[in-house]
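Source file: query-v8.cif; contents: mmCIF, C-alpha atoms.
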data_structure
loop_
_atom_site.label_atom_id
_atom_site.label_comp_id
_atom_site.auth_asym_id
_atom_site.auth_seq_id
_atom_site.Cartn_x
_atom_site.Cartn_y
_atom_site.Cartn_z
CA MET A 1 107.40 134.68 102.49
CA GLY A 2 106.71 135.29 106.17
CA TYR A 3 106.48 131.60 106.91
CA TYR A 4 108.68 129.64 109.24
CA PHE A 5 108.97 126.00 110.14
CA ASP A 6 107.32 125.42 113.51
CA ILE A 7 109.52 122.73 115.08
CA ASP A 8 107.86 123.09 118.45
CA TYR A 9 104.51 122.24 116.90
CA ILE A 10 105.94 119.12 115.28
CA ILE A 11 107.23 117.83 118.61
CA ARG A 12 103.87 118.45 120.23
CA SER A 13 102.08 116.69 117.37
CA LEU A 14 104.18 113.53 117.49
CA PRO A 15 102.15 111.58 120.10
CA LEU A 16 98.92 111.99 118.12
CA LEU A 17 100.59 111.10 114.83
CA GLY A 18 102.16 108.10 116.58
CA LYS A 19 98.68 106.88 117.51
CA GLY A 20 97.64 107.24 113.88
CA ALA A 21 100.72 105.33 112.76
CA LEU A 22 99.82 102.51 115.15
CA MET A 23 96.34 102.35 113.62
CA THR A 24 97.87 102.26 110.14
CA ILE A 25 100.10 99.32 111.11
CA GLU A 26 97.21 97.51 112.82
CA VAL A 27 94.89 97.90 109.84
CA SER A 28 97.48 96.82 107.29
CA ALA A 29 98.63 93.86 109.40
CA ALA A 30 95.02 92.75 109.81
CA THR A 31 94.47 93.16 106.06
CA ILE A 32 97.42 91.02 105.11
CA LEU A 33 96.75 88.40 107.83
CA LEU A 34 93.06 87.98 106.93
CA SER A 35 93.63 87.98 103.20
CA SER A 36 96.47 85.44 103.39
CA ILE A 37 94.17 83.12 105.39
CA PHE A 38 91.10 83.49 103.16
CA ALA A 39 93.11 83.34 99.96
CA LEU A 40 94.48 79.85 100.65
CA PRO A 41 91.34 77.82 99.89
CA LEU A 42 90.49 80.23 97.05
CA ALA A 43 93.92 79.64 95.49
CA PHE A 44 93.13 75.93 95.28
CA LEU A 45 89.85 76.79 93.56
CA ARG A 46 91.85 79.00 91.17
CA VAL A 47 94.03 76.03 90.10
CA SER A 48 91.07 73.63 90.11
CA LYS A 49 90.69 71.35 87.10
CA ASN A 50 87.00 72.26 86.92
CA LYS A 51 86.79 74.96 84.27
CA TYR A 52 83.83 76.75 85.87
CA ILE A 53 85.39 76.96 89.34
CA SER A 54 88.76 78.20 88.12
CA GLY A 55 87.01 80.53 85.67
CA ALA A 56 84.88 82.05 88.46
CA MET A 57 88.02 82.66 90.51
CA TYR A 58 89.75 84.16 87.48
CA TYR A 59 86.94 86.68 87.10
CA TYR A 60 86.97 87.48 90.82
CA VAL A 61 90.66 88.34 90.52
CA GLN A 62 90.05 90.40 87.36
CA VAL A 63 87.16 92.36 88.87
CA MET A 64 89.28 93.24 91.90
CA ARG A 65 92.32 94.09 89.76
CA ASN A 66 90.37 96.39 87.47
CA THR A 67 88.34 98.52 89.87
CA PRO A 68 89.76 101.21 92.17
CA THR A 69 90.18 100.35 95.85
CA LEU A 70 88.51 103.64 96.72
CA ILE A 71 85.25 102.51 95.08
CA LYS A 72 85.31 99.27 97.08
CA ILE A 73 85.80 101.28 100.27
CA TYR A 74 82.81 103.47 99.34
CA ILE A 75 80.67 100.43 98.51
CA ALA A 76 81.49 98.84 101.86
CA TYR A 77 80.89 102.01 103.88
CA PHE A 78 78.20 103.95 101.98
CA GLY A 79 76.65 101.20 99.86
CA LEU A 80 76.18 98.28 102.25
CA PRO A 81 73.95 100.18 104.75
CA SER A 82 71.26 100.40 102.06
CA LEU A 83 71.26 96.59 102.06
CA GLY A 84 70.87 96.65 105.83
CA VAL A 85 74.52 95.93 106.64
CA MET A 86 75.82 98.68 108.93
CA LEU A 87 79.54 98.59 109.56
CA ASN A 88 81.70 101.00 111.51
CA PRO A 89 84.45 102.72 109.46
CA VAL A 90 87.22 100.34 110.54
CA ALA A 91 85.20 97.21 109.77
CA ALA A 92 84.00 98.57 106.42
CA GLY A 93 87.53 99.62 105.49
CA LEU A 94 88.94 96.24 106.47
CA LEU A 95 86.23 94.45 104.48
CA ALA A 96 87.08 96.49 101.38
CA LEU A 97 90.85 96.14 101.75
CA VAL A 98 90.66 92.40 102.47
CA THR A 99 88.41 91.59 99.50
CA ASP A 100 90.82 93.60 97.37
CA HIS A 101 94.01 92.02 98.68
CA ILE A 102 92.62 88.47 98.57
CA ALA A 103 92.66 88.72 94.76
CA TYR A 104 96.36 89.56 94.70
CA VAL A 105 97.27 86.96 97.35
CA VAL A 106 95.34 84.29 95.40
CA GLU A 107 97.59 84.99 92.41
CA ILE A 108 100.69 84.87 94.67
CA TYR A 109 99.61 81.50 96.10
CA ARG A 110 98.75 80.20 92.64
CA ALA A 111 102.31 80.86 91.48
CA GLY A 112 103.54 79.12 94.63
CA ILE A 113 101.30 76.08 94.09
CA LEU A 114 102.33 75.78 90.44
CA SER A 115 105.98 75.99 91.45
CA VAL A 116 105.73 72.70 93.34
CA GLY A 117 106.89 70.05 90.89
CA ARG A 118 104.34 67.66 89.44
CA GLY A 119 106.73 64.82 90.23
CA GLN A 120 106.32 65.46 93.94
CA VAL A 121 102.54 65.32 93.72
CA GLN A 122 102.68 62.11 91.68
CA ALA A 123 105.17 60.57 94.11
CA ALA A 124 102.98 61.47 97.07
CA LYS A 125 99.95 59.94 95.36
CA ALA A 126 101.96 56.85 94.46
CA ILE A 127 102.73 56.14 98.11
CA GLY A 128 99.02 56.30 98.81
CA LEU A 129 98.36 59.77 100.24
CA ARG A 130 94.88 61.14 99.79
CA ASN A 131 94.33 64.39 97.90
CA TRP A 132 94.01 66.54 101.04
CA GLN A 133 97.12 64.86 102.48
CA VAL A 134 99.09 65.69 99.36
CA ASN A 135 98.02 69.32 99.65
CA TYR A 136 98.50 69.52 103.41
CA HIS A 137 101.87 67.79 103.69
CA ILE A 138 103.51 68.39 100.31
CA VAL A 139 102.05 71.32 98.38
CA ILE A 140 101.05 73.93 100.99
CA PRO A 141 104.31 74.07 102.99
CA GLN A 142 106.42 74.56 99.89
CA ALA A 143 103.97 76.88 98.14
CA PHE A 144 103.70 79.06 101.25
CA ILE A 145 107.45 79.44 101.63
CA GLN A 146 107.74 80.29 97.93
CA SER A 147 105.07 82.97 98.40
CA LEU A 148 106.62 84.67 101.43
CA PRO A 149 108.66 87.35 99.60
CA ALA A 150 105.66 88.35 97.48
CA LEU A 151 103.45 88.39 100.59
CA GLY A 152 105.93 90.76 102.19
CA ASN A 153 105.64 93.11 99.21
CA GLN A 154 101.87 92.86 99.53
CA PHE A 155 102.23 94.00 103.15
CA VAL A 156 104.01 97.16 101.97
CA ILE A 157 101.18 97.74 99.47
CA ALA A 158 98.64 97.21 102.27
CA ILE A 159 100.34 99.93 104.35
CA LYS A 160 100.02 102.33 101.45
CA ASP A 161 96.43 101.27 100.68
CA SER A 162 95.36 101.80 104.30
CA SER A 163 95.90 105.53 103.72
CA LEU A 164 92.78 105.46 101.51
CA LEU A 165 90.70 104.94 104.65
CA VAL A 166 91.10 108.68 105.23
CA THR A 167 88.03 109.01 102.99
CA ILE A 168 85.79 107.24 105.52
CA SER A 169 87.34 108.88 108.61
CA VAL A 170 89.25 105.92 110.02
CA MET A 171 91.71 107.48 112.45
CA GLU A 172 94.85 106.21 110.72
CA LEU A 173 97.98 108.24 110.03
CA THR A 174 96.73 110.21 107.01
CA MET A 175 93.43 111.04 108.73
CA VAL A 176 95.20 112.24 111.90
CA GLY A 177 97.43 114.41 109.72
CA ASN A 178 94.42 115.74 107.86
CA ARG A 179 92.51 116.60 111.04
CA MET A 180 95.52 118.33 112.57
CA ALA A 181 96.16 120.34 109.42
CA GLU A 182 92.55 121.47 109.40
CA ALA A 183 92.49 122.29 113.10
CA THR A 184 95.71 124.27 113.30
CA GLY A 185 96.51 125.42 109.77
CA ASN A 186 100.04 124.07 110.10
CA SER A 187 99.48 121.88 107.05
CA TYR A 188 103.07 122.21 105.85
CA GLU A 189 104.61 120.72 108.99
CA VAL A 190 101.92 118.12 109.54
CA PHE A 191 102.00 116.61 106.07
CA LEU A 192 105.77 116.62 105.92
CA VAL A 193 105.96 114.72 109.21
CA THR A 194 103.14 112.38 108.14
CA ALA A 195 105.01 111.58 104.93
CA LEU A 196 108.21 111.06 106.92
CA ILE A 197 106.51 108.59 109.27
CA TYR A 198 105.20 106.59 106.29
CA LEU A 199 108.70 106.63 104.83
CA VAL A 200 110.16 105.25 108.07
CA ILE A 201 107.50 102.52 108.40
CA ILE A 202 107.71 101.39 104.79
CA THR A 203 111.51 101.55 104.58
CA THR A 204 111.93 99.58 107.81
CA MET A 205 109.47 97.01 106.49
CA SER A 206 111.23 96.61 103.15
CA LEU A 207 114.71 96.45 104.71
CA PHE A 208 113.45 93.77 107.09
CA LEU A 209 112.01 91.81 104.16
CA LYS A 210 115.28 92.08 102.26
CA THR A 211 117.35 90.68 105.14
CA VAL A 212 114.89 87.84 105.70
CA GLU A 213 114.97 87.02 102.00
CA LYS A 214 118.77 87.01 101.97
CA LYS A 215 119.08 84.89 105.09
CA LYS A 216 116.70 82.24 103.96
CA ARG A 217 117.17 80.63 100.58
CA PHE A 218 113.66 79.71 99.63
CA THR A 219 114.43 76.31 98.29
CA TYR A 220 114.21 72.81 99.62
CA MET B 221 59.94 112.70 96.26
CA ASN B 222 60.49 109.09 97.08
CA SER B 223 64.05 108.11 96.27
CA SER B 224 63.01 104.87 94.63
CA SER B 225 61.02 106.71 91.99
CA TYR B 226 64.21 107.96 90.29
CA SER B 227 64.86 106.47 86.94
CA MET B 228 68.31 105.01 86.48
CA VAL B 229 68.68 106.41 82.96
CA PRO B 230 69.66 110.05 83.76
CA ILE B 231 71.94 108.78 86.54
CA PHE B 232 73.71 106.46 84.14
CA TYR B 233 74.00 109.31 81.66
CA SER B 234 75.63 111.66 84.15
CA LEU B 235 78.01 108.89 85.29
CA LEU B 236 79.00 108.30 81.67
CA LYS B 237 79.68 112.01 81.27
CA ALA B 238 81.91 111.95 84.36
CA SER B 239 83.71 108.88 83.07
CA GLY B 240 84.68 110.99 80.06
CA LEU B 241 86.59 113.20 82.50
CA THR B 242 88.19 110.14 84.08
CA LEU B 243 89.30 108.93 80.65
CA TYR B 244 90.70 112.36 79.84
CA TYR B 245 92.64 112.55 83.13
CA SER B 246 93.89 108.99 82.66
CA VAL B 247 95.28 109.75 79.22
CA ALA B 248 96.92 112.91 80.61
CA ILE B 249 98.71 111.29 83.56
CA VAL B 250 99.58 108.13 81.64
CA SER B 251 101.28 110.04 78.83
CA LEU B 252 102.96 112.60 81.09
CA GLY B 253 104.05 110.01 83.65
CA THR B 254 105.37 107.60 81.03
CA LEU B 255 107.34 110.34 79.28
CA MET B 256 108.90 111.52 82.55
CA GLY B 257 109.62 107.95 83.62
CA LEU B 258 111.36 107.22 80.31
CA ILE B 259 113.54 110.32 80.60
CA LEU B 260 114.46 109.49 84.20
CA ALA B 261 115.34 105.89 83.25
CA ALA B 262 117.49 107.02 80.32
CA LEU B 263 119.34 109.52 82.53
CA TYR B 264 119.75 106.91 85.25
CA SER B 265 121.28 104.32 82.96
CA THR B 266 123.99 106.71 81.78
CA GLY B 267 125.56 105.55 85.05
CA ARG B 268 126.69 109.06 85.99
CA LYS B 269 126.60 109.90 89.69
CA ILE B 270 125.00 113.34 89.15
CA PHE B 271 121.95 111.65 87.63
CA LYS B 272 121.93 108.40 89.58
CA ALA B 273 122.01 109.83 93.10
CA PRO B 274 119.09 112.30 92.84
CA ILE B 275 116.96 109.87 90.81
CA SER B 276 117.51 107.10 93.38
CA LEU B 277 116.55 109.51 96.15
CA PHE B 278 113.44 110.57 94.22
CA ILE B 279 112.37 106.96 93.68
CA PHE B 280 113.00 106.13 97.33
CA LEU B 281 110.91 109.10 98.49
CA VAL B 282 108.01 108.39 96.13
CA ARG B 283 107.80 104.67 96.80
CA GLY B 284 107.87 105.09 100.57
CA ILE B 285 104.87 107.41 100.74
CA PRO B 286 101.25 106.57 99.80
CA MET B 287 99.89 108.26 96.70
CA ILE B 288 97.16 110.12 98.57
CA VAL B 289 99.73 111.68 100.93
CA HIS B 290 101.66 112.85 97.84
CA LEU B 291 98.50 114.54 96.64
CA PHE B 292 97.96 116.26 100.00
CA LEU B 293 101.60 117.34 100.04
CA PHE B 294 101.31 118.92 96.60
CA PHE B 295 97.94 120.38 97.42
CA TYR B 296 98.77 122.01 100.77
CA VAL B 297 102.49 122.69 100.54
CA LEU B 298 102.85 124.34 97.13
CA PRO B 299 100.68 127.39 97.99
CA LEU B 300 102.98 128.14 100.93
CA PHE B 301 105.75 128.86 98.45
CA GLY B 302 103.49 131.25 96.62
CA LEU B 303 102.78 128.72 93.87
CA ARG B 304 99.07 128.85 93.14
CA PHE B 305 97.64 126.67 90.40
CA PRO B 306 94.13 125.38 89.78
CA ALA B 307 93.62 122.28 91.91
CA ILE B 308 93.14 120.00 88.93
CA TYR B 309 96.60 120.82 87.57
CA ILE B 310 98.15 120.12 90.96
CA ALA B 311 96.36 116.77 91.07
CA LEU B 312 97.31 115.74 87.53
CA VAL B 313 100.93 116.91 87.68
CA GLY B 314 101.30 115.47 91.19
CA LEU B 315 100.01 112.06 90.09
CA SER B 316 102.23 112.14 86.98
CA ILE B 317 105.36 113.03 88.95
CA ALA B 318 104.72 110.39 91.60
CA ASN B 319 103.96 107.70 89.01
CA SER B 320 107.02 108.59 86.94
CA ALA B 321 109.15 107.09 89.73
CA TYR B 322 107.42 103.72 89.40
CA ILE B 323 107.58 103.87 85.61
CA CYS B 324 111.28 104.77 85.76
CA GLU B 325 111.81 101.56 87.76
CA ILE B 326 109.95 99.55 85.10
CA PHE B 327 112.05 101.01 82.25
CA ARG B 328 115.25 100.61 84.27
CA GLY B 329 114.41 96.95 84.79
CA GLY B 330 113.86 96.61 81.04
CA ILE B 331 117.15 98.32 80.19
CA GLU B 332 119.11 96.29 82.73
CA SER B 333 117.68 93.04 81.37
CA VAL B 334 119.47 93.66 78.06
CA PRO B 335 122.81 91.79 78.36
CA HIS B 336 125.75 94.09 79.05
CA GLY B 337 127.68 92.64 76.12
CA GLN B 338 125.41 94.60 73.80
CA THR B 339 126.53 97.92 75.31
CA ALA B 340 130.14 96.83 74.97
CA ALA B 341 129.46 95.80 71.37
CA PHE B 342 127.91 99.08 70.19
CA LYS B 343 130.62 101.06 71.98
CA SER B 344 133.32 99.03 70.24
CA LEU B 345 131.59 99.81 66.93
CA GLY B 346 132.13 103.49 67.70
CA MET B 347 128.48 104.40 68.34
CA SER B 348 127.78 107.18 70.79
CA TYR B 349 125.91 106.41 74.02
CA TRP B 350 122.63 107.98 72.91
CA ALA B 351 122.78 106.45 69.41
CA GLY B 352 123.42 103.00 70.86
CA MET B 353 120.68 103.53 73.41
CA LYS B 354 118.20 104.47 70.69
CA GLU B 355 119.15 101.84 68.09
CA ILE B 356 120.27 98.87 70.16
CA ILE B 357 119.25 98.93 73.81
CA LEU B 358 115.85 100.65 73.97
CA PRO B 359 114.11 98.50 71.31
CA GLN B 360 115.01 95.38 73.28
CA ALA B 361 114.37 97.02 76.64
CA MET B 362 110.91 98.03 75.42
CA ARG B 363 109.97 94.43 74.80
CA ASN B 364 110.82 93.56 78.39
CA ALA B 365 109.29 96.68 79.88
CA LEU B 366 106.05 96.81 77.90
CA PRO B 367 103.98 94.18 79.78
CA PRO B 368 104.65 95.64 83.28
CA LEU B 369 104.25 99.13 81.83
CA VAL B 370 100.76 98.38 80.52
CA ASN B 371 99.87 96.83 83.87
CA TRP B 372 101.06 100.01 85.55
CA TRP B 373 98.84 102.05 83.24
CA VAL B 374 95.88 100.11 84.63
CA ILE B 375 96.99 101.11 88.13
CA MET B 376 97.22 104.73 87.00
CA VAL B 377 93.67 104.70 85.62
CA LYS B 378 92.51 103.42 88.99
CA LEU B 379 94.55 106.11 90.75
CA THR B 380 92.60 108.87 88.99
CA SER B 381 89.85 108.04 91.51
CA LEU B 382 92.03 109.79 94.13
CA ILE B 383 91.38 113.09 92.38
CA SER B 384 87.89 112.99 93.91
CA VAL B 385 89.43 113.27 97.39
CA LEU B 386 90.44 116.85 96.52
CA SER B 387 86.74 117.55 95.71
CA LEU B 388 87.36 117.59 91.98
CA ARG B 389 84.82 116.19 89.58
CA GLU B 390 85.47 112.84 87.92
CA LEU B 391 83.81 109.40 87.93
CA THR B 392 84.28 108.58 91.62
CA TYR B 393 83.15 112.06 92.66
CA ALA B 394 80.08 111.81 90.45
CA GLY B 395 79.36 108.40 91.98
CA ARG B 396 79.42 109.83 95.51
CA GLU B 397 77.29 112.78 94.41
CA MET B 398 74.75 110.60 92.65
CA SER B 399 74.53 108.18 95.55
CA THR B 400 73.56 110.96 97.98
CA PHE B 401 71.26 112.49 95.35
CA THR B 402 69.35 109.28 94.64
CA GLY B 403 69.61 107.62 98.04
CA ARG B 404 70.63 104.44 96.29
CA PRO B 405 74.36 104.34 97.01
CA PHE B 406 74.80 100.60 96.48
CA THR B 407 73.39 100.54 92.95
CA VAL B 408 75.12 103.74 91.88
CA LEU B 409 78.55 102.76 93.27
CA LEU B 410 78.25 99.31 91.71
CA LEU B 411 77.57 101.04 88.40
CA VAL B 412 80.67 103.21 88.90
CA ALA B 413 82.75 100.11 89.60
CA LEU B 414 81.36 98.55 86.42
CA ILE B 415 82.39 101.58 84.34
CA TYR B 416 85.91 101.46 85.79
CA PHE B 417 86.01 97.75 85.01
CA CYS B 418 85.00 98.38 81.40
CA ILE B 419 87.87 100.89 81.05
CA CYS B 420 90.54 98.82 82.84
CA PHE B 421 89.73 95.25 81.84
CA PRO B 422 90.64 95.54 78.12
CA LEU B 423 93.86 97.31 79.09
CA SER B 424 94.90 94.65 81.58
CA ARG B 425 93.96 91.87 79.15
CA PHE B 426 96.27 93.59 76.67
CA GLY B 427 99.01 93.61 79.34
CA ASP B 428 98.50 89.89 79.98
CA TYR B 429 98.63 89.23 76.24
CA LEU B 430 101.94 91.11 75.91
CA GLU B 431 103.32 89.16 78.84
CA ARG B 432 102.52 85.85 77.15
CA ARG B 433 103.68 87.10 73.77
CA PHE B 434 107.06 88.39 74.94
CA SER B 435 107.91 85.77 77.53
CA TYR B 436 110.52 83.79 75.69
CA ILE B 437 114.19 83.47 76.52
CA HIS B 438 116.58 85.31 74.26
#
Can you turn what I pasted into structure tokens?
Amino acid sequence: MGYYFDIDYIIRSLPLLGKGALMTIEVSAATILLSSIFALPLAFLRVSKNKYISGAMYYYVQVMRNTPTLIKIYIAYFGLPSLGVMLNPVAAGLLALVTDHIAYVVEIYRAGILSVGRGQVQAAKAIGLRNWQVNYHIVIPQAFIQSLPALGNQFVIAIKDSSLLVTISVMELTMVGNRMAEATGNSYEVFLVTALIYLVIITTMSLFLKTVEKKKRFTY
Amino acid sequence: MNSSSYSMVPIFYSLLKASGLTLYYSVAIVSLGTLMGLILAALYSTGRKIFKAPISLFIFLVRGIPMIVHLFLFFYVLPLFGLRFPAIYIALVGLSIANSAYICEIFRGGIESVPHGQTAAFKSLGMSYWAGMKEIILPQAMRNALPPLVNWWVIMVKLTSLISVLSLRELTYAGREMSTFTGRPFTVLLLVALIYFCICFPLSRFGDYLERRFSYIH
């Protein structure tokens, strides 16, 4: 075969790949943070009694669920400039990933909101709380805690989705691996190490989520 | 020629032609991936260590690595071992193998949701493992596994867009090509998204229907 595993090269490549990994974590953390903030008001629209409002939110979720993330990334990066909106790769990628993840987080929050018993809402109204007070003091705290495990899973998905930003040259882990493979021809080593780093990040994340879930019983 | 003087009709036509390829690839990876996932799940639930350990490792490896990195791994690493295939086969088989891990998990969940007493019952009737699996367990497991399976098929259709990253022609690739060709990327890409939506939406509505239909306690 005449091919050998260049361990020396791997060690020299680690600092660069580490930088890429940091970018991957930053992008996915930002994605999940932004989408869990923006999804909260939208989740209340999704469970609204007004048929048109909840219907509009339903279709937002469906459109996001049924189109590839890659196309949204392309629309944000290649499509928006023709409307006069110029974004750098990171901003465009974040915009695409956040609009995508909001749809999933809205559904997570919706399940959380619906899991809060009607009796609690009625009781809160009976003692004279206003609607926003009911939501702020009674519904949101419980719904949020119910949603935490699913949000954690969404974080893992966000880490994997951030790899798609390789297509618009965001310098995250996959892109760094790609560039190094092109520059040196050591594609075997580079992609194996890249995959290994993803494995470490994602496994650590899911183990952490599991222990948190075990420690905290998500009930009141 | 001014870019705005292009008519949208030929563009739409060439996108539709490319979406034929996307449909074809989707059917290929969905059927191959589902078949492999089913075999893996059946082997896993025999409970034998020789099957369980490697399948668990395989699932762990696949789920911890993004799909696009799997594609790059298949694409760049296989030739080093002297294995040269046309790129499209690498992409399709790679996507099928990687997705079979997720589908195995779905089937395994379905099989495990069938109460254990049923296994004990068919064994006490003298049925062999595979006969009991076929007649008793799998029909019930299917009912539990079908809704998440159909939802995973939607994800697989969307994943065919990754094939374009390897510079292979399908809907997403045609969308990028047409958007440079016409200079109207926003319109063209929106059209591409619409075509994907028309393929995926009926499928995910079907998944939601199955979920409602089968969600009763037995």
Inset, instruction - Please write the residues picked by the PyMOL selection byres ((chain B) within 6 of (chain A)) on this file as a list of chain:residue names. - result: B:Gly284, B:Ile285, B:Pro286, B:Val297, B:Lys378, B:Pro405, B:Phe406, B:Ala413, B:Tyr416, B:Phe417, B:Cys420, B:Phe421
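Separating atom CA of Pro149 of chain A from atom CA of Lys210 of chain A is a distance of 8.6 Å.
Excluding Thr31 of chain A itself and same-chain residues fewer than 6 positions from it, the residues having an atom within 8 Å of it are Leu94, Leu97, Val98, His101 and Ala158 of chain A, counting all atoms listed in the file.
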Legend entry - Neighbour list for Ala311 of chain B as a list in words, cut-off 7 Å, all atoms listed in the file, skip fewer than 3 positions in-chain: Leu291, Ala307, Ile308, Gly314, Leu315 and Ile383 of chain B
Specify the axis-aligned box that encloses all atoms of segment 21-24 of chain A listed in the file after padding of 4 Å on each side, stating its centre and edge lengths in Å to one decimal as AutoDock Vina command-line options.
--center_x 98.5 --center_y 103.8 --center_z 112.6 --size_x 12.4 --size_y 11.1 --size_z 13.0
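Nearest to Gly329 of chain B of all the residues B:Ala261, B:Met287, B:Trp350, B:Asn371 is B:Ala261, based on only C-alpha atoms.
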Inset, instruction - Run through the PyMOL selection byres ((chain A and resi 18) around 12) on the given coordinates and return the selected residues as a ChimeraX atom specification. - result: /A:10-17,19-25,171-174,176-177,193-194,196-198,201
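If you look at atom CA of Val334 of chain B and atom CA of Met353 of chain B, they are 11.0 Å away from each other.
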Inset, instruction - Give as a VMD selection string the residues that the PyMOL selection byres ((chain A and resi 107) around 10) matches when applied to the coordinates above. - result: chain A and resid 39 42 to 43 46 to 47 58 61 102 to 106 108 to 113 147
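Pairwise distance (atom CA of Ser320 of chain B, atom CA of Ser435 of chain B) equals 24.7 Å.
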